[in-house]
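Printed here is input_34.pdb (PDB, C-alpha atoms):
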```
ATOM      1  CA  CYS A   1      14.247  -6.897   5.765
ATOM      2  CA  LYS A   2      10.589  -6.283   5.173
ATOM      3  CA  GLY A   3      11.032  -7.143   1.537
ATOM      4  CA  LEU A   4       7.354  -7.684   0.895
ATOM      5  CA  LEU A   5       6.069  -4.204   1.744
ATOM      6  CA  HIS A   6       6.102  -3.073  -1.877
ATOM      7  CA  LEU A   7       4.219  -6.219  -2.868
ATOM      8  CA  ILE A   8       1.692  -5.532  -0.104
ATOM      9  CA  GLU A   9       1.204  -2.020  -1.504
ATOM     10  CA  HIS A  10       0.364  -3.482  -4.916
ATOM     11  CA  LEU A  11      -2.000  -6.080  -3.454
ATOM     12  CA  HIS A  12      -4.147  -3.462  -1.715
ATOM     13  CA  PHE A  13      -5.326  -2.283  -5.123
ATOM     14  CA  ARG A  14      -5.971  -5.768  -6.505
ATOM     15  CA  ASP A  15      -8.738  -8.015  -5.249
ATOM     16  CA  HIS A  16     -10.367 -10.268  -7.818
ATOM     17  CA  SER A  17     -12.937 -11.388  -5.260
ATOM     18  CA  SER A  18     -14.275  -7.862  -4.706
ATOM     19  CA  PRO A  19     -16.581  -6.300  -7.273
ATOM     20  CA  TYR A  20     -16.820  -3.411  -4.781
ATOM     21  CA  LEU A  21     -13.158  -2.486  -5.236
ATOM     22  CA  LYS A  22     -13.425  -2.515  -9.028
ATOM     23  CA  ASP A  23     -16.605  -0.396  -8.906
ATOM     24  CA  VAL A  24     -15.101   2.059  -6.433
ATOM     25  CA  LYS A  25     -11.986   2.571  -8.526
ATOM     26  CA  LYS A  26     -14.128   3.158 -11.628
ATOM     27  CA  GLU A  27     -16.424   5.580  -9.799
ATOM     28  CA  LEU A  28     -13.548   7.570  -8.314
ATOM     29  CA  GLU A  29     -11.864   7.839 -11.695
ATOM     30  CA  SER A  30     -15.134   9.145 -13.156
ATOM     31  CA  LEU A  31     -15.125  11.835 -10.439
ATOM     32  CA  GLY A  32     -11.575  12.816 -11.364
ATOM     33  CA  ALA A  33     -10.110  11.386  -8.152
ATOM     34  CA  ILE A  34      -6.701   9.745  -8.364
ATOM     35  CA  LEU A  35      -5.860   6.902  -5.979
ATOM     36  CA  ASN A  36      -2.253   5.898  -5.543
ATOM     37  CA  ALA A  37       0.284   4.504  -3.107
ATOM     38  CA  TYR A  38       4.014   4.322  -2.555
ATOM     39  CA  THR A  39       6.405   2.340  -0.428
ATOM     40  CA  SER A  40       9.163   4.067   1.491
ATOM     41  CA  GLU A  41      11.808   2.490   3.690
ATOM     42  CA  GLN A  42       9.536   2.865   6.691
ATOM     43  CA  ASN A  43       5.943   2.692   5.496
ATOM     44  CA  VAL A  44       3.363   2.132   2.827
ATOM     45  CA  SER A  45       1.371   5.250   2.038
ATOM     46  CA  PHE A  46      -2.045   5.324   0.375
ATOM     47  CA  HIS A  47      -3.162   8.671  -0.946
ATOM     48  CA  ALA A  48      -5.724  10.332  -3.150
ATOM     49  CA  LYS A  49      -6.141  13.609  -4.989
ATOM     50  CA  PHE A  50      -9.703  14.770  -5.361
ATOM     51  CA  LEU A  51     -12.070  17.709  -5.210
ATOM     52  CA  PRO A  52     -13.304  18.527  -1.691
ATOM     53  CA  LYS A  53     -16.914  17.728  -2.623
ATOM     54  CA  HIS A  54     -15.888  14.063  -3.093
ATOM     55  CA  PHE A  55     -14.244  13.787   0.333
ATOM     56  CA  ASP A  56     -16.705  11.308   1.891
ATOM     57  CA  ARG A  57     -16.679   8.957  -1.100
ATOM     58  CA  VAL A  58     -12.884   8.973  -1.404
ATOM     59  CA  CYS A  59     -12.461   8.364   2.339
ATOM     60  CA  LYS A  60     -14.828   5.403   2.148
ATOM     61  CA  ALA A  61     -12.783   3.939  -0.717
ATOM     62  CA  LEU A  62      -9.455   4.476   1.048
ATOM     63  CA  LYS A  63     -10.823   2.899   4.212
ATOM     64  CA  HIS A  64     -11.920  -0.145   2.255
ATOM     65  CA  ILE A  65      -8.576  -0.461   0.477
ATOM     66  CA  THR A  66      -6.565   0.043   3.663
ATOM     67  CA  PHE A  67      -8.531  -2.044   6.138
ATOM     68  CA  ASN A  68      -9.857  -4.915   4.027
ATOM     69  CA  PRO A  69      -7.036  -6.593   2.150
ATOM     70  CA  THR A  70      -7.525 -10.166   0.947
ATOM     71  CA  PHE A  71      -4.076 -11.242  -0.275
ATOM     72  CA  LEU A  72      -5.455 -13.966  -2.529
ATOM     73  CA  GLU A  73      -2.975 -16.398  -4.087
ATOM     74  CA  ASP A  74      -4.113 -15.513  -7.646
ATOM     75  CA  ASP A  75      -3.544 -11.815  -6.982
ATOM     76  CA  ILE A  76      -0.188 -12.533  -5.330
ATOM     77  CA  SER A  77       0.997 -14.480  -8.391
ATOM     78  CA  ILE A  78       0.137 -11.596 -10.713
ATOM     79  CA  GLU A  79       1.639  -8.865  -8.548
ATOM     80  CA  LYS A  80       4.799 -10.868  -7.766
ATOM     81  CA  GLU A  81       5.618 -10.767 -11.462
ATOM     82  CA  VAL A  82       4.974  -7.016 -11.594
ATOM     83  CA  VAL A  83       7.174  -6.311  -8.560
ATOM     84  CA  LEU A  84       9.948  -8.637  -9.797
ATOM     85  CA  ARG A  85       9.993  -6.684 -13.081
ATOM     86  CA  GLU A  86      10.173  -3.427 -11.112
ATOM     87  CA  ILE A  87      13.085  -4.780  -9.068
ATOM     88  CA  SER A  88      14.891  -5.745 -12.265
ATOM     89  CA  ASP A  89      14.305  -2.287 -13.758
ATOM     90  CA  TYR A  90      15.355  -0.698 -10.460
ATOM     91  CA  LYS A  91      18.653  -2.611 -10.508
ATOM     92  CA  ASP A  92      19.378  -1.484 -14.091
ATOM     93  CA  ASN A  93      19.742   2.118 -12.887
ATOM     94  CA  PRO A  94      23.421   2.823 -11.976
ATOM     95  CA  GLY A  95      22.430   5.434  -9.388
ATOM     96  CA  THR A  96      20.140   2.968  -7.669
ATOM     97  CA  VAL A  97      22.842   0.279  -7.599
ATOM     98  CA  ALA A  98      25.309   2.737  -6.024
ATOM     99  CA  ASN A  99      22.697   3.762  -3.435
ATOM    100  CA  LEU A 100      21.883   0.130  -2.575
ATOM    101  CA  ASN A 101      25.577  -0.733  -2.256
ATOM    102  CA  PHE A 102      26.201   2.269  -0.006
ATOM    103  CA  ARG A 103      23.234   1.480   2.248
ATOM    104  CA  SER A 104      24.278  -2.170   2.445
ATOM    105  CA  LEU A 105      27.650  -1.030   3.806
ATOM    106  CA  LEU A 106      25.937   1.129   6.426
ATOM    107  CA  TYR A 107      23.318  -1.371   7.547
ATOM    108  CA  ASP A 108      24.946  -4.765   6.913
ATOM    109  CA  ASP A 109      22.281  -7.370   6.096
ATOM    110  CA  ARG A 110      19.498  -5.396   7.758
ATOM    111  CA  TYR A 111      18.919  -3.152   4.751
ATOM    112  CA  CYS A 112      16.910  -3.844   1.646
ATOM    113  CA  SER A 113      15.478  -1.438  -0.870
ATOM    114  CA  THR A 114      11.871  -0.318  -0.752
ATOM    115  CA  MET A 115      11.222  -2.704  -3.648
ATOM    116  CA  GLY A 116      12.260  -5.687  -1.570
ATOM    117  CA  LYS A 117      14.569  -8.581  -2.290
ATOM    118  CA  GLU A 118      13.911 -10.770  -5.282
ATOM    119  CA  GLU A 119      14.042 -13.949  -3.182
ATOM    120  CA  ASP A 120      11.486 -12.559  -0.701
ATOM    121  CA  VAL A 121       9.091 -11.533  -3.455
ATOM    122  CA  ALA A 122       9.559 -14.744  -5.470
ATOM    123  CA  SER A 123       8.771 -16.918  -2.432
ATOM    124  CA  ALA A 124       5.800 -14.820  -1.267
ATOM    125  CA  ASN A 125       2.517 -16.518  -0.538
ATOM    126  CA  SER A 126      -0.622 -15.575   1.344
ATOM    127  CA  GLU A 127       0.616 -16.942   4.668
ATOM    128  CA  LYS A 128       3.939 -15.026   4.546
ATOM    129  CA  ILE A 129       2.192 -11.837   3.533
ATOM    130  CA  TRP A 130      -0.420 -12.096   6.292
ATOM    131  CA  ASP A 131       2.317 -12.768   8.877
ATOM    132  CA  LEU A 132       4.269  -9.685   7.809
ATOM    133  CA  TYR A 133       1.103  -7.640   7.529
ATOM    134  CA  LYS A 134      -0.022  -8.474  11.070
ATOM    135  CA  ASP A 135       3.452  -7.691  12.425
ATOM    136  CA  THR A 136       3.818  -4.432  10.495
ATOM    137  CA  PHE A 137       0.377  -2.903  10.066
ATOM    138  CA  GLY A 138      -2.500  -2.402  12.408
ATOM    139  CA  LEU A 139      -4.843   0.071  13.896
ATOM    140  CA  TYR A 140      -2.165   1.438  16.215
ATOM    141  CA  ASN A 141       0.396   2.388  13.594
ATOM    142  CA  LEU A 142      -1.790   3.943  10.949
ATOM    143  CA  ILE A 143      -1.193   7.580  10.082
ATOM    144  CA  VAL A 144      -3.769   9.589   8.179
ATOM    145  CA  PHE A 145      -2.528  12.799   6.626
ATOM    146  CA  ILE A 146      -4.757  15.293   4.845
ATOM    147  CA  SER A 147      -3.719  18.465   3.140
ATOM    148  CA  GLY A 148      -5.876  21.085   1.529
ATOM    149  CA  PRO A 149      -7.343  24.548   2.053
ATOM    150  CA  ILE A 150      -7.803  25.450   5.736
ATOM    151  CA  GLU A 151     -11.544  26.043   5.309
ATOM    152  CA  PHE A 152     -11.859  22.461   4.045
ATOM    153  CA  LEU A 153      -9.641  20.935   6.726
ATOM    154  CA  SER A 154     -11.516  22.620   9.561
ATOM    155  CA  LYS A 155     -14.702  20.741   8.568
ATOM    156  CA  ILE A 156     -13.192  17.226   8.719
ATOM    157  CA  ASP A 157     -14.519  14.844  11.338
ATOM    158  CA  ASN A 158     -11.696  12.511  12.472
ATOM    159  CA  SER A 159     -14.118   9.631  13.051
ATOM    160  CA  VAL A 160     -14.439   9.213   9.285
ATOM    161  CA  PHE A 161     -11.127   7.334   9.344
ATOM    162  CA  LEU A 162     -11.915   4.831  12.068
ATOM    163  CA  PRO A 163     -12.689   1.374  10.695
ATOM    164  CA  GLU A 164     -15.987  -0.204  11.640
ATOM    165  CA  SER A 165     -14.774  -3.720  10.977
ATOM    166  CA  THR A 166     -11.640  -4.877   9.275
ATOM    167  CA  LYS A 167      -9.780  -7.977   8.222
ATOM    168  CA  LEU A 168      -6.729  -6.857  10.224
ATOM    169  CA  ASN A 169      -7.536  -9.399  12.927
ATOM    170  CA  ARG A 170      -7.366 -12.338  10.498
TER     171      ARG A 170
END
```
As structure tokens - that is how I would like this structure written.
Amino acid sequence: CKGLLHLIEHLHFRDHSSPYLKDVKKELESLGAILNAYTSEQNVSFHAKFLPKHFDRVCKALKHITFNPTFLEDDISIEKEVVLREISDYKDNPGTVANLNFRSLLYDDRYCSTMGKEEDVASANSEKIWDLYKDTFGLYNLIVFISGPIEFLSKIDNSVFLPESTKLNR
């Protein structure tokens, strides 16, 4: 079970050591852009809604968020509590419990919800997260998806998504 993927999603948006990230999020919000992410059973998706004229700035921010995680212990402690609360709330929903029970029957011990297992999240630390991150993410399994008007999409240069330097090789 990759029970820390949801925690990793949260950590991409939290970096106390980076004034850049805080400034970028503030700037994008002032432009009306909305940054968000979600965890599915197979991936973590980062996405943004924005006006086409802000494309370059939003792409720069998403590249920074995606390719330069820090996974600091202080940030992990804060987000572990958030994710553990989400797991608790998730388990209070009868439909969710039925779904988890059904999937557990299908997949034996190999299945866990997109939220992760409480024990995995509670025991998370920087080393465990980096190990999972290196095994799961990387430059060769990144998918970039853009939707919008065709006249906008035809002007996009794919090189805008390639990282110049990243912390993925940590």
In Å, rounded to a single decimal, give me how far CA of Leu51 (chain A) is from CA of Leu31 (chain A).
-> 8.4 Å
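For the pair CA of Val58 (chain A) and CA of Phe152 (chain A), the interatomic distance is 14.6 Å.
Shortest separation to Tyr38 (chain A) among A:His12, A:Lys155, A:Lys91, A:Lys117 occurs at residue A:His12, atoms counted being only C-alpha atoms.
Residues in contact with Lys25 (chain A) at 9 Å, where all atoms listed in the file are counted and same-chain residues fewer than 2 positions away are skipped, are listed as Phe13, Tyr20, Leu21, Lys22, Asp23, Glu27, Leu28, Glu29, Ser30, Ile34, Leu35 and Ala61 of chain A.
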Write out the residues from the selection above, keeping C-alpha atoms, as a PDB file, in the coordinates of the input.
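Output (out-v6.pdb):
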```pdb
ATOM      1  CA  PHE A  13      -5.326  -2.283  -5.123  1.00  0.00           C
ATOM      2  CA  TYR A  20     -16.820  -3.411  -4.781  1.00  0.00           C
ATOM      3  CA  LEU A  21     -13.158  -2.486  -5.236  1.00  0.00           C
ATOM      4  CA  LYS A  22     -13.425  -2.515  -9.028  1.00  0.00           C
ATOM      5  CA  ASP A  23     -16.605  -0.396  -8.906  1.00  0.00           C
ATOM      6  CA  GLU A  27     -16.424   5.580  -9.799  1.00  0.00           C
ATOM      7  CA  LEU A  28     -13.548   7.570  -8.314  1.00  0.00           C
ATOM      8  CA  GLU A  29     -11.864   7.839 -11.695  1.00  0.00           C
ATOM      9  CA  SER A  30     -15.134   9.145 -13.156  1.00  0.00           C
ATOM     10  CA  ILE A  34      -6.701   9.745  -8.364  1.00  0.00           C
ATOM     11  CA  LEU A  35      -5.860   6.902  -5.979  1.00  0.00           C
ATOM     12  CA  ALA A  61     -12.783   3.939  -0.717  1.00  0.00           C
TER      13      ALA A  61
END
```
Evaluate the PyMOL selection byres ((chain A and resi 75-85) around 7) and report residues as a PyMOL selection string | chain A and resi 7+10-11+14-15+71-74+86-89+118+121-122+125
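Note that CA of Pro149 (chain A) and CA of Lys49 (chain A) are 13.1 Å apart.
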